[in-house]
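Student: Mind looking over this structure? Questions follow.
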Amino acid sequence: MMRTIVAFVRLRLRSAGLSFSLAYGLLYALSSALFLSFLWWRTTGLMERQVEQAVDADYHALAEHWVQDGLPGLVLAIQDRLEQNVDDDAIYLLVAPDGRKIEGNLVSWPRNVTRTDVNYERAILRDGVKATSLLHAYDLPGGCRIIVGRDIRGRAILRPLLADTLVWSWVMVTLLAVGGALVVRGIFKRIVSSIARTTAAITHGDMAQRVPLMGNEVDLVAVVVNEMLDRIVRLMDGVRQVSNAIAHDLRTPISRARAQLEDAALNCHTTDELRGAIERAVSDLDHVTAVFEALMRIAQIEAGARRAAFETFDLATVLTDIGELYSAAAEDAHLTLTTALPGEQQFYGDQRMIQQAVANMLDNAIKFSPQASTITLSCAVDSKSAPQRRVTIAVSDEGIGMNESDLARASERFFRAETARNTPGAGLGLSLVQAIAQLHGGHLELSRRNPGLRVALVLPLATKPPPRTDRNSMTQDSSASHLSATPVLVSGSA
Amino acid sequence: MRILLVEDDPTVRSFTAKGLREAGHVVEESDNGKDGLFMAVSENFDLVILDRMLPGGIDGLRILQTLRSQNNATPVLILSALADVDERVAGLKAGGDDYMTKPFAFSEMLARVEALARRGRAEQAPQTKLSVADLEIDLLSRTVKRGNERIDLQPREFRLLEFLMRHAGQVVTRTMLLERVWDYHFDPQTNVIDVHVSRLRQKVDKPFDTALIHTIRNAGYILRAE
C-alpha cells in the first residue's frame, strides 16, 4: 500500500506540469512568508521605538522643569501630567535620595530597576492591576531619582493580534498560490495536450491535423512541430508515389521476364532459342536490379545519411576526368563533347556523388542528342561574396529538349517524357541528380535551349565543413531542402 | 584453386559452386557461419567467398575479423545484399579484398575470383615490365612497344592497358575496369567502357596481324596471346 503511494507520488512528481506549478506555489508561499515576517518585525519595532522616544521626550521636559523651578516645580509638573493623562498610560515616580517616594503613581521603586541607560520592561501593579510597562530610570542632580514610563498593555495586546492577522493572511496567500499553481498547471497541460492531441491524431493516421497557433510563445514549438509534420507528409507522399511507381515500373520488366521464361518453357524447341529467351529474361531482371539500386540510392541520399563522405576536393579535376571518360562515348555516337572548365576549383562535398550526378547528366545528353550535335560540360562560379557563392555545373545539349510541362516533372521518379519513351532508361537519372543537389544544399535547374536542354547543378560553394548537426543547422537543412523540393525552372533560351 | 564458399541460400550456393567447379576450382561449401568459420580457420584455402548475412549467430564480417586477427591473409571476396557504399566500406575495412553485391552475374564473380587469386602472386615481386606475346609495356618509362613499333597512348589508355596486361589471360569485366582504372563506383548507362577499349584496340591491335584484346560475350574483355 505504502509502496504504491510512493510510486504514485513519484510518478506525479515526474509530471512537468505538476512540478512546475509546485515550484511556483512553493516559491510564492515562501516569499510571502518572508515578506509578512519582515512586516511584523518592522511594525513591532516601530511601536517599541515610538514608546521609547515618548519616554525620553517626557523626561527631557521634566528635567527642564527641574532646572527652572527645582524640586517643587518638578513635582507640580508630574502632578499636572498625571491629571491631564487621558489615556492613563503614563507612569512617573520621583524618589528622594533616601528612597522615599515624593510624587508619582507607582507605589514604590521597582527592585530590579537599577541602571539608567536601559529601558526595562516590567510587570508592575497599578491600581491593584498587574500591567506590563516600559520604564526608564534617570538620576537627577542632588541625589533624587525619577522613573518615567508608559503602560504598554495595549502593545502587548496588539502584538499577537498583528501576528494573528499576518499568519492568516499568509495562509490566504498560500491558498491563493496553490490555486494559482493549479491554474498554471491547467494552462500548461492544455498547451501540451493541444500538441499531444495533434500528434496523437497523426499517429492514428490523420495526417491533415496541425497544432493550432495560439499567438503566444507556444507557437515556437507549434511551428516547429507543424514544419516537422509537413516534412513527414511530404516524405510519406514520396513513399506513396514511389511505391506506386515501383508497382508499375518494376512490374513491367518482371512480368516481361516471366512471360519470356514461360513462353520459352512451352514453345522453344532448340537450345539456341531457349538460350536467347533466357538471356532476354536475365537482362530484364538486370534492369529490375538497376532500377531497384537507383531507387535505394536516391532514398539513401534523400535521407541525408551520406554527409559523412564530405571532403574538400578539386572539382575541376573531377569534371575533367568525367569529361574525358564521356568524350570517347560522345565521339562514338558522332557527337562532340566540349568542356568549359576552370583550371582549379576547390569544392566541399561528396566526390563520388558529384561524379555520379555529372555522369547521369552526360548519359542523358548523349542519349537524347541527334548526330553531329554538340554537348557542352561547363563549370562556373558566380561573383557573389563568400557565403552565397555558388558553383554551377551545367550540361547543355542540342537534342530533343523538353516542353514546359515535362520540365516541371523531369526530376520526378520514373517520369519519362513522351518523346523519351522509346529510349532505354528507367526515368531515375534526374531524380538521383536532384537528390544529390539537395544533399549538397543546392538545386537542379532545367531550362530550354533552342534547340535542346540545359541541365544545371547549382551548388553552394562551401570550402569548409558546415557546423555539425545542432538544432539550428538541422532546421536550416530541412528548410533548404524544402525550398528546393521542386526543380527551379527557367523558361526561354538560356 | 581451393575455394571455400560460405553462403546460406541453397540456390545461389549450388549455382556458384557449380560454376566455379566448371572453371576448374575445388570448392568446399558451408551454409552457416559457425561451420564456415571452423573450416576457414582449420583448413587452407586459396580464396574464401563469404556471404555477409548468415544464420547460426556468426555473420560474414565476424568470420572475416576472426581470420584477420589470426594473421590469416587468405583473400576474401565478400558477397552481400547490402549494397550501400557504407556497407562496402565496412566490408573492406574489416579486411575483405573485394566486395560484390547481390544479385550478381556469375561471369562477374568468376572474373573477380580469378583477379583475387592472381593478386596474391603478382604482388610479391614488383614488376617494371609486362609483356604478352609481342606487346610490351614499361611501367617506369610508361612506354608501349609491339614488336619493334612504338605505340603512343594517352595516360588513361596506358592505365587501361596496364590493367589488362596485369590480368592477362583473365576475363575482366566492365565494372572492374570502371572501378580499378577510373575509380568510379557507379553504373554508367552508356557504353563508355566499350568505347575506351575499342579506342585502345585501334592503337594496339588494329595495325597488327593478330588481335590481343578479345571481347567475351556477356562478360567483358580478355587480353591474351591467341
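Residue numbering restarts at 1 for every chain of the C-alpha cells, chains are lettered A, B, ... in their displayed order, and ligands are numbered from 1 as they appear.
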Can you pull out the residues contacting A:Glu64? Cut-off 10 Å, using only C-alpha atoms, and skip same-chain residues under 6 positions away; I want them as a ChimeraX atom specification.
Tutor: /A:70,73-74
Student: Go ahead and dump the residues you just picked, C-alpha atoms, as a tab-separated table (two decimals), in the first residue's frame.
Tutor:
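Output file part-v3.tsv is given in full below:
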```tsv
chain	number	residue	atom	x	y	z
A	70	GLY	CA	13.71	72.96	41.34
A	73	GLY	CA	8.39	72.64	40.04
A	74	LEU	CA	9.07	69.07	39.07
```
Student: Could you tell me which residues of chain B sit within 9 Å of chain A when counting only C-alpha atoms, and give me the result as a compact mmCIF listing (two decimals) with all heavy atoms, in the first residue's frame?
Tutor:
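Wrote part-v5.txt, looks like this:
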```txt
# COMPACT_ATOMS: atom_id res chain seq x y z
N ALA B 83 24.04 -3.14 -50.32
CA ALA B 83 24.73 -2.50 -51.44
C ALA B 83 25.24 -1.10 -51.12
O ALA B 83 25.90 -0.50 -51.94
CB ALA B 83 23.81 -2.45 -52.64
N ASP B 84 24.93 -0.58 -49.92
CA ASP B 84 25.36 0.78 -49.58
C ASP B 84 26.85 0.96 -49.72
O ASP B 84 27.61 0.03 -49.48
CB ASP B 84 25.06 1.07 -48.10
CG ASP B 84 23.60 1.29 -47.87
OD1 ASP B 84 22.85 1.08 -48.83
OD2 ASP B 84 23.24 1.64 -46.75
N ASP B 86 28.49 2.64 -47.67
CA ASP B 86 28.98 2.49 -46.30
C ASP B 86 29.21 1.02 -45.95
O ASP B 86 30.18 0.66 -45.29
CB ASP B 86 27.99 3.09 -45.30
CG ASP B 86 27.86 4.58 -45.49
OD1 ASP B 86 28.82 5.18 -46.03
OD2 ASP B 86 26.83 5.15 -45.10
N PRO B 103 21.98 -8.97 -56.52
CA PRO B 103 22.31 -10.10 -57.38
C PRO B 103 23.54 -9.81 -58.24
O PRO B 103 23.84 -8.67 -58.51
CB PRO B 103 21.06 -10.24 -58.24
CG PRO B 103 20.49 -8.87 -58.29
CD PRO B 103 20.83 -8.21 -57.01
N PHE B 104 24.21 -10.88 -58.66
CA PHE B 104 25.42 -10.68 -59.46
C PHE B 104 25.39 -11.63 -60.66
O PHE B 104 24.68 -12.63 -60.64
CB PHE B 104 26.67 -10.94 -58.63
CG PHE B 104 26.69 -12.30 -58.00
CD1 PHE B 104 27.17 -13.40 -58.70
CD2 PHE B 104 26.20 -12.50 -56.71
CE1 PHE B 104 27.18 -14.65 -58.12
CE2 PHE B 104 26.20 -13.75 -56.13
CZ PHE B 104 26.69 -14.84 -56.84
N ALA B 105 26.14 -11.24 -61.68
CA ALA B 105 26.28 -12.14 -62.83
C ALA B 105 27.44 -13.07 -62.52
O ALA B 105 28.46 -12.64 -61.98
CB ALA B 105 26.57 -11.33 -64.08
N TRP B 182 39.34 3.74 -63.54
CA TRP B 182 38.82 5.10 -63.39
C TRP B 182 38.48 5.45 -61.95
O TRP B 182 38.23 6.58 -61.63
CB TRP B 182 37.57 5.29 -64.27
CG TRP B 182 37.90 5.63 -65.69
CD1 TRP B 182 38.08 6.88 -66.21
CD2 TRP B 182 38.07 4.72 -66.77
NE1 TRP B 182 38.37 6.80 -67.54
CE2 TRP B 182 38.37 5.48 -67.92
CE3 TRP B 182 38.03 3.34 -66.89
CZ2 TRP B 182 38.61 4.92 -69.17
CZ3 TRP B 182 38.26 2.77 -68.14
CH2 TRP B 182 38.55 3.55 -69.25
N TYR B 184 35.69 4.78 -60.47
CA TYR B 184 34.30 5.19 -60.39
C TYR B 184 33.48 4.03 -59.86
O TYR B 184 33.71 2.89 -60.23
CB TYR B 184 33.76 5.60 -61.76
CG TYR B 184 34.30 6.92 -62.26
CD1 TYR B 184 34.21 7.26 -63.59
CD2 TYR B 184 34.89 7.81 -61.38
CE1 TYR B 184 34.71 8.47 -64.05
CE2 TYR B 184 35.39 9.02 -61.83
CZ TYR B 184 35.29 9.34 -63.17
OH TYR B 184 35.78 10.54 -63.61
N HIS B 185 32.52 4.33 -58.98
CA HIS B 185 31.69 3.26 -58.44
C HIS B 185 30.23 3.47 -58.77
O HIS B 185 29.39 3.53 -57.91
CB HIS B 185 31.90 3.15 -56.93
CG HIS B 185 33.28 2.70 -56.58
ND1 HIS B 185 33.59 1.40 -56.32
CD2 HIS B 185 34.43 3.38 -56.51
CE1 HIS B 185 34.88 1.30 -56.08
NE2 HIS B 185 35.42 2.49 -56.18
N PHE B 186 29.94 3.69 -60.02
CA PHE B 186 28.53 3.76 -60.43
C PHE B 186 28.39 3.08 -61.78
O PHE B 186 29.37 2.74 -62.43
CB PHE B 186 28.05 5.20 -60.47
CG PHE B 186 28.87 6.11 -61.35
CD1 PHE B 186 28.66 6.15 -62.71
CD2 PHE B 186 29.86 6.90 -60.79
CE1 PHE B 186 29.43 6.98 -63.52
CE2 PHE B 186 30.62 7.72 -61.59
CZ PHE B 186 30.42 7.77 -62.96
N ASP B 187 27.17 2.90 -62.17
CA ASP B 187 26.87 2.18 -63.40
C ASP B 187 26.52 3.17 -64.50
O ASP B 187 25.43 3.71 -64.50
CB ASP B 187 25.66 1.28 -63.14
CG ASP B 187 25.98 -0.15 -63.51
OD1 ASP B 187 27.04 -0.35 -64.13
OD2 ASP B 187 25.17 -1.03 -63.20
N PRO B 188 27.44 3.43 -65.43
CA PRO B 188 27.05 4.36 -66.50
C PRO B 188 26.03 3.69 -67.41
O PRO B 188 26.09 2.49 -67.62
CB PRO B 188 28.35 4.62 -67.24
CG PRO B 188 29.39 3.80 -66.60
CD PRO B 188 28.77 2.86 -65.65
N GLN B 189 25.09 4.48 -67.91
CA GLN B 189 24.07 3.87 -68.77
C GLN B 189 24.56 3.72 -70.19
O GLN B 189 24.04 2.92 -70.95
CB GLN B 189 22.81 4.73 -68.74
CG GLN B 189 22.11 4.62 -67.40
CD GLN B 189 20.85 5.45 -67.38
OE1 GLN B 189 20.12 5.51 -68.35
NE2 GLN B 189 20.61 6.10 -66.27
N THR B 190 25.54 4.55 -70.55
CA THR B 190 26.08 4.43 -71.90
C THR B 190 27.31 3.54 -71.87
O THR B 190 27.87 3.27 -70.81
CB THR B 190 26.41 5.81 -72.49
OG1 THR B 190 26.88 6.63 -71.44
CG2 THR B 190 25.20 6.44 -73.10
N ASN B 191 27.72 3.10 -73.07
CA ASN B 191 28.79 2.11 -73.14
C ASN B 191 30.18 2.76 -73.10
O ASN B 191 31.01 2.49 -73.95
CB ASN B 191 28.63 1.31 -74.43
CG ASN B 191 28.57 2.26 -75.64
OD1 ASN B 191 28.37 3.46 -75.47
ND2 ASN B 191 28.79 1.73 -76.82
N VAL B 192 30.40 3.59 -72.09
CA VAL B 192 31.66 4.35 -72.03
C VAL B 192 32.89 3.45 -72.04
O VAL B 192 33.88 3.72 -72.72
CB VAL B 192 31.72 5.27 -70.80
CG1 VAL B 192 30.97 6.53 -71.05
CG2 VAL B 192 31.18 4.59 -69.58
N ILE B 193 32.82 2.33 -71.29
CA ILE B 193 34.00 1.47 -71.20
C ILE B 193 34.29 0.83 -72.56
O ILE B 193 35.44 0.80 -73.01
CB ILE B 193 33.76 0.39 -70.12
CG1 ILE B 193 33.59 1.05 -68.76
CG2 ILE B 193 34.91 -0.60 -70.09
CD1 ILE B 193 34.74 1.90 -68.32
N ASP B 194 33.23 0.34 -73.21
CA ASP B 194 33.42 -0.26 -74.53
C ASP B 194 34.13 0.69 -75.48
O ASP B 194 35.03 0.29 -76.22
CB ASP B 194 32.06 -0.65 -75.13
CG ASP B 194 31.41 -1.75 -74.33
OD1 ASP B 194 32.14 -2.39 -73.54
OD2 ASP B 194 30.20 -1.96 -74.49
N VAL B 195 33.73 1.96 -75.42
CA VAL B 195 34.33 2.92 -76.33
C VAL B 195 35.81 3.08 -76.04
O VAL B 195 36.64 3.10 -76.96
CB VAL B 195 33.61 4.28 -76.21
CG1 VAL B 195 34.28 5.31 -77.08
CG2 VAL B 195 32.15 4.13 -76.59
N HIS B 196 36.16 3.14 -74.77
CA HIS B 196 37.58 3.30 -74.43
C HIS B 196 38.38 2.07 -74.82
O HIS B 196 39.51 2.19 -75.32
CB HIS B 196 37.74 3.62 -72.95
CG HIS B 196 37.46 5.05 -72.63
ND1 HIS B 196 38.41 6.03 -72.69
CD2 HIS B 196 36.31 5.68 -72.29
CE1 HIS B 196 37.87 7.20 -72.40
NE2 HIS B 196 36.58 7.00 -72.15
N ARG B 199 38.91 2.13 -78.52
CA ARG B 199 39.97 3.08 -78.88
C ARG B 199 41.35 2.49 -78.67
O ARG B 199 42.26 2.68 -79.46
CB ARG B 199 39.86 4.33 -78.02
CG ARG B 199 38.77 5.22 -78.45
CD ARG B 199 38.92 6.51 -77.75
NE ARG B 199 38.20 7.55 -78.44
CZ ARG B 199 38.25 8.82 -78.10
NH1 ARG B 199 39.03 9.20 -77.12
NH2 ARG B 199 37.56 9.71 -78.77
```
Student: Given the choices B:Arg2, B:Lys34, B:Arg174, B:Lys145, which gets closest to B:Ala111 if the distance is worked out from only C-alpha atoms?
Tutor: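 Nearest candidate to B:Ala111 out of B:Arg2, B:Lys34, B:Arg174, B:Lys145: B:Arg174.
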Student: If DSSP is run on the backbone, what residues of stretch 231-364 of chain A are strand (DSSP E)? A reply as a PyMOL selection string would be ideal.
Tutor: chain A and resi 311-314+336-340+346-349
Student: Got a sec: who's within 9 Å of A:Ile278, counting only C-alpha atoms, leaving out chain neighbours fewer than 3 positions off, as a ChimeraX atom specification?
Tutor: /A:257,260-261,264,273-275,281-283
